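Visitor: Shown below is the structure under consideration.
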There are 2 protein chains.
Amino acid sequence: MTNKLDDVFVHPGHLIRRAHQIHMSLFEDEFAVYDISPVQYVILRTVEALDEVDLSTAAGIAAVDKPSCTRFVSRLVERGLVSMSSDKADQRRKLLRLTSKGRNLLPALNACSDNLEERMMERLSPDRRRRLIDLLVEFASLNNDLSRAPHKTPPAVRQNTHALDDVQG
Amino acid sequence: MTNKLDDVFVHPGHLIRRAHQIHMSLFEDEFAVYDISPVQYVILRTVEALDEVDLSTAAGIAAVDKPSCTRFVSRLVERGLVSMSSDKADQRRKLLRLTSKGRNLLPALNACSDNLEERMMERLSPDRRRRLIDLLVEFASLNNDLSRAPHKTPPAVRQNTHALDDVQG
DNA sequence: CTCCAATATTTAGTATGCTAAATATAATTG
DNA sequence: CAATTATATTTAGCATACTAAATATTGGAG
């Protein structure tokens, strides 16, 4: 009951391409109201987490090439979600920060992100969801160096989740 | 030891995007000599499998939108790998066939595809490779309808693998 | 201080992957 | 058979994701 195309259909590359199409479609649908793209969202979250970042570092964390990062950031700046200013100590570097508008928007975007994850995974059993995430984490991590825009761990991501003196907000 | 970005980094959408980058990079590298893109390869294999297909059907099998399929096919026709002719019974339909040049190229491309799969999976244990493929097959299959260019099973894919009266060519 | 190399960003250019609209042909309805 | 509707393909246009080259600034070597 196999056919001549089966080896194509079960090729990891082909499957990842199809998974990517599904993700893009659901993402666009879920974030449509806010007109935010996947990479824009990662950049916003990166800027939020680091409080202040230069473009190259943000690109590395978000795993995008720098020219694309520049364009996405420009759009975010146009929309008033991010501010960009030259580093006084080094005029080449452009430092990014969230504006209050950007900061206020994030909770809604995080809700979209949660909905998106739910919609992406709802047709898999809980056990399989976990397995798929685990395997994708391993795949992306083990092969990170093979990507054209590899993820780069920031020099020091603030460990806000267990901030010692941050008892209540 | 977690940080504020962990929920982004383990989001299935983000992971699939990174997996896609890795695939694209390796594919381009592996097929560089032949200058063939992932979708071009699937289209070539589709035309080979069906012997003769119209553009829309090919697009559905390859899981690409029709305008993109048109463009990819045009390129394949320019390069003399595929022939395109109007269906005499319905002048709207364009029928695709492999040229002998295209047919002769396929074994080399299939070797690239095998190498690509090996390179994509070599850093995972055999057990995890299987699991990942299984889960991606399930994911793509269960969510196929959510894609903007869903896969469509062809009306009748020739079952050449057990051709009854096709003993030798 | 000047020239040269290195770094950060931006610009230009290309291919992909989609939507929406235009075109061409076929099928249907009255 | 004329008019309408439906189907197949193509064109136009837009956002993404890269590479390579251009620009601006900094940091050193002599």
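Every chain in the structure tokens takes a letter, A first, then B, and so on in the order presented; its residues are numbered from 1, and the ligands are numbered from 1 following the presented order.
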With 7 Å as the cut-off and only C-alpha atoms (C1' of nucleotides) counted, what is the closest atom pair between each nearby residue of chain B and chain C? Distances in Å to one decimal, ordered by chain and number, as a tab-separated table.
Guide:
```
residue	atom	partner	partner_atom	distance
B:Ser68	CA	C:DG17	C1'	6.8
B:Gln91	CA	C:DT25	C1'	6.3
B:Arg92	CA	C:DT25	C1'	5.4
```
Visitor: For DA17 of chain D, please output as number ranges by chain all residues within 12 Å (counting only C-alpha atoms (C1' of nucleotides); exclusion window: fewer than 2 positions along the same chain).
Guide: A: 39, 63-69, 71-72, 147-149; B: 17, 20-21, 24-25; C: 14-17; D: 15, 19
Visitor: Report, to one decimal in Å, the C-alpha RMSD of chain A against chain B after an in-order least-squares superposition over all those atoms.
Guide: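 Fitting chain A to chain B over paired C-alpha atoms yields 0.5 Å.
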Visitor: Taking only C-alpha atoms into account, which of A:Ala59, A:Ile43, A:Leu109, A:Leu50 comes nearest Val77 of chain A?
Guide: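 That would be A:Ile43, the residue with the smallest distance to Val77 of chain A.
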Visitor: Would you tabulate, counting only C-alpha atoms, all residues of chain B that have an atom at most 6 Å from an atom of chain A, showing the closest pair of atoms and their distance in Å to one decimal, sorted by chain then ascending number, as a Markdown table?
Guide:
```
| residue | atom | partner | partner_atom | distance |
| --- | --- | --- | --- | --- |
| B:Asn3 | CA | A:Gln159 | CA | 5.2 |
| B:Lys4 | CA | A:Ala49 | CA | 5.8 |
| B:Gly13 | CA | A:His23 | CA | 5.8 |
| B:Ile16 | CA | A:His20 | CA | 5.9 |
| B:Ala19 | CA | A:Ala140 | CA | 5.7 |
| B:His20 | CA | A:Ile16 | CA | 5.9 |
| B:Gln21 | CA | A:Ser147 | CA | 5.6 |
| B:Ile22 | CA | A:Ser147 | CA | 4.4 |
| B:His23 | CA | A:Gly13 | CA | 5.8 |
| B:Ser25 | CA | A:Ser147 | CA | 5.9 |
| B:Ala49 | CA | A:Lys4 | CA | 5.8 |
| B:Ala140 | CA | A:Ala19 | CA | 5.7 |
| B:Leu146 | CA | A:Ile22 | CA | 5.8 |
| B:Ser147 | CA | A:Ile22 | CA | 4.4 |
| B:Gln159 | CA | A:Asn3 | CA | 5.3 |
```
Visitor: Using only C-alpha atoms (C1' of nucleotides) and a cut-off of 9 Å, which residues of chain D sit close to chain A? Please list them as a list in words.
Guide: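 Written out as asked, the residues are DT16, DA17, DC18, DA24, DT25 and DT26 of chain D.
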Visitor: Looking only at the backbone, which of the residues in segment 1-168 of chain B does DSSP tag as alpha helix (DSSP H), as a PyMOL selection string?
Guide: chain B and resi 6-9+12-31+38-50+55-62+66-78+100-121+126-142
Visitor: Per DSSP on the backbone, filter chain B down to the residues in strand (DSSP E or B) and report them as a ChimeraX atom specification.
Guide: /B:53-54,82-87,90-98
